[in-house]
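As provided, work-v5.cif (mmCIF, C-alpha atoms) reads as follows.
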data_my_file
loop_
_atom_site.label_atom_id
_atom_site.label_comp_id
_atom_site.auth_asym_id
_atom_site.auth_seq_id
_atom_site.Cartn_x
_atom_site.Cartn_y
_atom_site.Cartn_z
CA GLU X 195 1.44 -7.08 15.41
CA ASP X 196 -1.33 -7.82 12.90
CA GLY X 197 -0.32 -4.72 10.93
CA THR X 198 3.30 -5.88 10.83
CA LEU X 199 2.30 -9.35 9.62
CA ASN X 200 0.05 -7.77 6.99
CA GLU X 201 2.92 -5.59 5.73
CA GLN X 202 5.25 -8.59 5.61
CA ALA X 203 2.65 -10.55 3.62
CA LYS X 204 2.29 -7.65 1.17
CA LYS X 205 6.06 -7.46 0.68
CA SER X 206 6.23 -11.22 0.09
CA ASP X 207 3.41 -11.03 -2.46
CA SER X 208 5.09 -8.10 -4.21
CA CYS X 209 8.41 -9.96 -4.35
CA LEU X 210 6.69 -13.05 -5.77
CA VAL X 211 4.88 -11.02 -8.45
CA ARG X 212 8.10 -9.26 -9.48
CA THR X 213 9.98 -12.57 -9.65
CA LEU X 214 7.35 -14.37 -11.73
CA SER X 215 7.04 -11.41 -14.13
CA PHE X 216 10.83 -10.88 -14.37
CA GLY X 217 10.47 -7.46 -12.75
CA TYR X 218 7.86 -6.10 -15.17
CA PHE X 219 4.89 -6.24 -12.77
CA ASN X 220 4.43 -5.32 -9.15
CA ARG X 221 1.67 -6.00 -6.63
CA GLN X 222 -1.28 -3.67 -7.13
CA LEU X 223 -2.18 -0.99 -4.59
CA ASN X 224 -5.90 -1.47 -4.03
CA ASN X 225 -6.19 0.89 -1.08
CA PRO X 226 -6.76 4.50 -2.27
CA ALA X 227 -4.67 5.86 0.63
CA SER X 228 -1.74 3.65 -0.36
CA PHE X 229 -2.03 4.83 -3.94
CA ILE X 230 -2.07 8.50 -2.88
CA ARG X 231 1.07 7.97 -0.81
CA ASP X 232 2.76 6.08 -3.65
CA GLN X 233 2.07 8.89 -6.13
CA PHE X 234 3.46 11.44 -3.69
CA SER X 235 6.62 9.42 -2.99
CA CYS X 236 7.22 9.17 -6.74
CA ALA X 237 7.10 12.95 -7.21
CA VAL X 238 8.56 14.05 -3.86
CA ASP X 239 12.01 14.84 -5.32
CA ALA X 240 10.51 17.59 -7.49
CA ILE X 241 8.24 19.16 -4.85
CA PRO X 242 9.78 22.42 -3.56
CA ALA X 243 9.87 23.30 0.12
CA ASP X 244 8.41 26.75 -0.57
CA VAL X 245 4.80 27.43 -1.53
CA VAL X 246 4.43 27.76 -5.31
CA LYS X 247 1.54 28.10 -7.73
CA PRO X 248 -0.06 24.86 -8.98
CA GLY X 249 1.16 25.43 -12.54
CA VAL X 250 4.73 25.93 -11.34
CA LEU X 251 4.53 22.78 -9.22
CA ARG X 252 3.33 20.67 -12.17
CA LYS X 253 6.11 22.10 -14.35
CA LYS X 254 8.80 21.29 -11.78
CA ILE X 255 7.55 17.69 -11.53
CA ARG X 256 7.38 17.24 -15.32
CA ASP X 257 10.81 18.86 -15.82
CA LYS X 258 12.31 16.09 -13.70
CA GLY X 259 10.56 13.48 -15.82
CA LEU X 260 8.29 12.37 -12.98
CA PRO X 261 4.55 11.62 -13.19
CA VAL X 262 2.25 14.30 -11.78
CA PRO X 263 -0.02 12.88 -9.06
CA ASN X 264 -3.74 12.97 -9.83
CA TYR X 265 -4.39 15.48 -7.05
CA PHE X 266 -1.81 17.95 -8.48
CA LEU X 267 -3.33 17.98 -11.97
CA ASP X 268 -5.20 20.95 -13.40
CA PRO X 269 -8.87 21.01 -12.23
CA GLU X 270 -9.89 20.97 -15.89
CA ASP X 271 -8.11 17.65 -16.42
CA GLU X 272 -10.58 14.73 -16.33
CA LYS X 273 -8.03 12.66 -14.41
CA GLN X 274 -7.74 15.26 -11.64
CA PHE X 275 -8.59 14.19 -8.10
CA PRO X 276 -9.34 17.11 -5.70
CA PRO X 277 -6.44 17.60 -3.25
CA HIS X 278 -8.78 18.10 -0.27
CA ILE X 279 -10.40 14.73 -1.02
CA ALA X 280 -6.95 13.12 -1.17
CA LEU X 281 -6.18 14.60 2.26
CA LEU X 282 -9.54 13.36 3.56
CA VAL X 283 -8.76 9.82 2.34
CA ILE X 284 -5.37 9.93 4.11
CA LEU X 285 -7.09 11.19 7.29
CA GLN X 286 -9.69 8.41 7.09
CA ASP X 287 -6.91 5.85 6.68
CA SER X 288 -4.97 7.24 9.68
CA GLU X 289 -8.17 6.99 11.76
CA GLY X 290 -8.60 3.35 10.73
CA GLU X 291 -11.75 3.95 8.67
CA LEU X 292 -10.31 2.11 5.64
CA LYS X 293 -9.27 -1.04 7.49
CA HIS X 294 -11.96 -3.05 5.75
CA LEU X 295 -10.09 -2.62 2.43
CA ASP X 296 -7.21 -4.68 3.83
CA ASN X 297 -9.47 -7.25 5.50
CA PHE X 298 -8.58 -10.80 4.43
CA PHE X 299 -12.13 -11.80 3.49
CA TYR X 300 -12.73 -8.50 1.67
CA ARG X 301 -9.57 -9.00 -0.42
CA VAL X 302 -10.39 -12.65 -1.12
CA GLY X 303 -13.91 -11.69 -2.20
CA PHE X 304 -12.70 -9.01 -4.59
CA SER X 305 -9.90 -11.25 -5.87
CA LEU X 306 -12.45 -13.93 -6.77
CA PHE X 307 -14.66 -11.28 -8.36
CA ALA X 308 -11.73 -9.98 -10.44
CA ALA X 309 -10.66 -13.52 -11.44
CA ILE X 310 -14.19 -14.36 -12.63
CA ALA X 311 -14.41 -11.05 -14.50
CA LEU X 312 -11.07 -11.79 -16.19
CA ALA X 313 -12.16 -15.32 -17.15
CA LEU X 314 -15.44 -14.02 -18.58
CA ARG X 315 -13.59 -11.43 -20.66
CA ILE X 316 -11.37 -14.17 -22.10
CA VAL X 317 -14.43 -16.28 -22.91
CA LEU X 318 -16.28 -13.38 -24.53
CA GLU X 319 -13.42 -11.61 -26.30
CA VAL X 320 -11.15 -14.51 -27.29
CA ILE X 321 -12.98 -17.83 -27.30
CA GLY X 322 -16.20 -16.10 -28.38
CA ALA X 323 -14.47 -14.54 -31.40
CA ALA X 324 -13.10 -17.89 -32.53
CA GLY X 325 -16.47 -19.55 -31.91
CA ALA X 326 -18.26 -16.86 -33.91
CA ILE X 327 -16.22 -17.74 -37.02
CA TRP X 328 -16.79 -21.46 -36.52
CA GLY X 329 -20.52 -21.21 -35.80
CA GLY X 330 -21.21 -18.42 -38.27
CA ALA X 331 -19.70 -20.44 -41.11
CA GLU X 332 -22.11 -23.26 -40.31
CA VAL X 333 -25.12 -20.93 -40.15
CA VAL X 334 -24.49 -19.53 -43.64
CA LYS X 335 -23.58 -23.05 -44.88
CA LEU X 336 -19.97 -22.23 -45.72
CA ARG X 337 -19.04 -25.16 -43.48
CA THR X 338 -20.75 -28.52 -43.19
CA ALA X 339 -19.83 -31.79 -41.49
CA THR X 340 -17.93 -32.88 -44.61
CA ARG X 341 -16.95 -29.62 -46.34
CA ASN X 342 -14.45 -26.87 -45.36
CA VAL X 343 -14.04 -28.26 -41.84
CA GLU X 344 -10.24 -27.90 -41.71
CA LEU X 345 -10.32 -24.52 -43.44
CA PHE X 346 -12.67 -22.97 -40.90
CA ARG X 347 -10.92 -24.70 -38.01
CA TRP X 348 -7.72 -22.86 -38.94
CA LEU X 349 -9.61 -19.64 -39.62
CA SER X 350 -11.20 -19.87 -36.17
CA LEU X 351 -7.83 -20.52 -34.56
CA GLY X 352 -6.34 -17.56 -36.45
CA VAL X 353 -9.11 -15.21 -35.33
CA GLY X 354 -8.79 -16.56 -31.79
CA GLY X 355 -5.05 -15.89 -31.84
CA LEU X 356 -5.54 -12.32 -33.08
CA SER X 357 -8.26 -11.77 -30.48
CA PHE X 358 -5.94 -13.00 -27.75
CA LEU X 359 -3.25 -10.58 -28.96
CA ARG X 360 -5.81 -7.76 -28.82
CA PHE X 361 -6.85 -8.89 -25.34
CA VAL X 362 -3.25 -8.76 -24.11
CA ILE X 363 -2.60 -5.31 -25.62
CA LEU X 364 -5.76 -3.90 -24.01
CA ASN X 365 -5.34 -5.51 -20.61
CA VAL X 366 -1.64 -5.72 -19.75
CA PRO X 367 -0.76 -2.91 -17.30
CA LEU X 368 1.54 -0.14 -18.54
CA LYS X 369 3.46 2.51 -16.63
CA GLU X 370 1.24 5.14 -18.23
CA ASP X 371 -1.83 3.56 -16.60
CA ALA X 372 -0.92 4.79 -13.12
CA GLY X 373 -2.93 8.01 -13.13
CA ASP X 374 -5.36 6.99 -15.84
CA ILE X 375 -6.81 3.62 -14.96
CA LEU X 376 -5.84 3.22 -11.37
CA GLY X 377 -5.93 6.30 -9.14
CA PRO X 378 -8.16 6.93 -6.17
CA ALA X 379 -10.58 8.78 -8.46
CA GLY X 380 -10.89 5.73 -10.68
CA PRO X 381 -11.30 1.98 -10.24
CA TRP X 382 -10.37 1.70 -6.61
CA SER X 383 -12.99 4.17 -5.41
CA LEU X 384 -14.29 3.93 -1.85
CA ARG X 385 -17.81 3.47 -3.22
CA LEU X 386 -18.56 -0.24 -3.61
CA PRO X 387 -20.64 -0.01 -6.86
CA VAL X 388 -17.96 2.13 -8.56
CA ARG X 389 -15.24 -0.19 -7.30
CA MET X 390 -17.02 -3.28 -8.66
CA ARG X 391 -17.61 -1.65 -12.05
CA ALA X 392 -13.96 -0.60 -12.24
CA VAL X 393 -12.71 -4.10 -11.38
CA THR X 394 -15.01 -5.51 -14.07
CA ASP X 395 -13.51 -3.08 -16.61
CA HIS X 396 -9.89 -3.78 -15.59
CA PRO X 397 -9.78 -7.15 -13.79
CA PHE X 398 -6.11 -7.84 -14.49
CA HIS X 399 -5.12 -4.45 -13.07
CA TYR X 400 -6.70 -5.42 -9.76
CA PHE X 401 -3.86 -7.90 -9.20
CA VAL X 402 -0.78 -6.25 -10.70
CA ARG X 403 0.60 -2.95 -11.99
CA ALA X 404 3.57 -2.12 -14.17
CA THR X 405 6.77 -1.54 -12.23
CA ARG X 406 7.84 2.09 -12.45
CA SER X 407 11.41 3.36 -12.26
CA PRO X 408 12.42 4.22 -8.68
CA SER X 409 12.72 7.88 -7.76
CA PRO X 410 16.18 9.30 -6.86
CA SER X 411 15.24 9.46 -3.17
CA THR X 412 14.27 5.77 -3.20
CA ILE X 413 17.61 4.85 -4.79
CA LYS X 414 19.47 6.85 -2.11
CA LYS X 415 17.55 5.06 0.66
CA GLU X 416 18.44 1.67 -0.81
CA GLU X 417 22.10 2.66 -1.03
#
Go ahead and render the structure in this file as structure tokens.
Amino acid sequence: EDGTLNEQAKKSDSCLVRTLSFGYFNRQLNNPASFIRDQFSCAVDAIPADVVKPGVLRKKIRDKGLPVPNYFLDPEDEKQFPPHIALLVILQDSEGELKHLDNFFYRVGFSLFAAIALALRIVLEVIGAAGAIWGGAEVVKLRTATRNVELFRWLSLGVGGLSFLRFVILNVPLKEDAGDILGPAGPWSLRLPVRMRAVTDHPFHYFVRATRSPSPSTIKKEE
């Protein structure tokens, strides 16, 4: 019953996120097992029933225009996540060993951590940039209480605006981020220190992800 209520809450959150973002964003998958399953479901239409070589499998997935899951990538690829580890994560999840990741207090704690990290990045990268122009001009005496005040106010606002644009470009989730920023080998690692560092690097991604196009099998199910 608790699991059903949890799933219903997740669906409601996802629907709310999609509505507020006009369909561009979706609720983030912060459980590595959920992310592994999502990557597989995205590529399932291109996965043959017969056993094929890894290179052939990757080619079949790419030929259909679908993203290759992290655990199907070439071992030499830095984004690759070992398939046996992916299977181990799924096994751990089926045994209930990852329940703490969906715990209410755990999610609230990490959500607060991500929100603070996001606020600090805005302060440092946006407000700090504007403040540096304003304060720096005073230090080198280009601005005084009676001289060049309006000029440097507008310069500070201009730099702040450009910094905010840079902040948005760097932090807004893209479809291409799926296997780069987010996978189970990345930010949402099972190791707490790695997870915290990843959330600090990509706080906005902790909450939402870019909505990807549905796979053909998903469209058929909906029909």
Selection in question (the file shown): the PyMOL selection byres ((chain X and resi 240) around 6). Which residues does it include, as a PDB file with C-alpha atoms, in the coordinates of the input?
ATOM      1  CA  ALA X 237       7.100  12.950  -7.210  1.00  0.00           C
ATOM      2  CA  VAL X 238       8.560  14.050  -3.860  1.00  0.00           C
ATOM      3  CA  ASP X 239      12.010  14.840  -5.320  1.00  0.00           C
ATOM      4  CA  ILE X 241       8.240  19.160  -4.850  1.00  0.00           C
ATOM      5  CA  LYS X 254       8.800  21.290 -11.780  1.00  0.00           C
ATOM      6  CA  ILE X 255       7.550  17.690 -11.530  1.00  0.00           C
TER       7      ILE X 255
END
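With distances taken over all atoms listed in the file, X:Ser350 is the one residue among X:Asn224, X:Ser305, X:Thr340, X:Ser350 lying closest to X:Ile327.
Picture a line from atom CA of X:Phe401 to atom CA of X:Gln274; it runs 23.6 Å.
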Open item on the list: List as a PyMOL selection string the protein and nucleic acid residues near X:Arg347, meaning an atom at most 10 Å away when only C-alpha atoms are counted, but skip any in the same chain fewer than 3 places from it.
Closed with: chain X and resi 324-325+327-328+337+342-344+350-352
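The interatomic distance for the pair atom CA of X:Leu349 and atom CA of X:Pro367 works out to 29.3 Å.
The neighbours of X:Pro261 here are the residues that come within 10 Å of it, using all atoms listed in the file and leaving out any residue fewer than 6 positions away in the same chain; they are Gln233, Phe234, Cys236, Ala237, Arg252, Ile255, Lys369, Glu370, Ala372 and Gly373 of chain X.
With all atoms listed in the file as the atoms that count, the minimum distance from X:Ala227 to the choices X:Gly259, X:Gly290, X:Pro242, X:Pro248 is reached by X:Gly290.
Here the PyMOL selection byres ((chain X and resi 321) around 10) catches exactly these residues: Leu314, Arg315, Ile316, Val317, Leu318, Glu319, Val320, Gly322, Ala323, Ala324, Gly325, Ala326, Ser350, Leu351, Val353, Gly354, Gly355, Ser357 and Phe358 of chain X.
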TODO: Tell me which protein, DNA and RNA residues are within 12 Å of X:Leu281, counting all atoms listed in the file, leaving out same-chain ones fewer than 5 positions away, and put them as a ChimeraX atom specification.
DONE: /X:226-227,230-231,234,265,275-276,286-288,378
Could the centre and edge lengths of an axis-aligned box, enclosing all atoms of stretch 233-241 of chain X in the file with 6 Å extra on each side, be given in Å to one decimal as JSON?
{"center_x": 7.0, "center_y": 14.0, "center_z": -5.2, "size_x": 21.9, "size_y": 22.3, "size_z": 16.5}
Task: Option closest in space to X:Phe304, from X:Leu214, X:Val366, X:Leu356, X:Leu386 [counting all atoms listed in the file] - done: X:Leu386
TODO: Could you tell me how far atom CA of X:Leu368 lies from atom CA of X:Arg403, in Å and to one decimal?
DONE: 7.2 Å
TODO: Check what the PyMOL selection byres ((chain X and resi 397) around 12) selects in the file above and give those residues as a count of residues only.
DONE: 37
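Ranking X:Ala404, X:Tyr218, X:Leu292, X:Leu251 by their shortest atom-to-atom distance to X:Asp268, with only C-alpha atoms included, puts X:Leu251 first.
If all atoms listed in the file are the atoms counted, then among X:Lys258, X:His294, X:Lys253, X:Arg221 the closest residue to X:Leu384 is X:His294.
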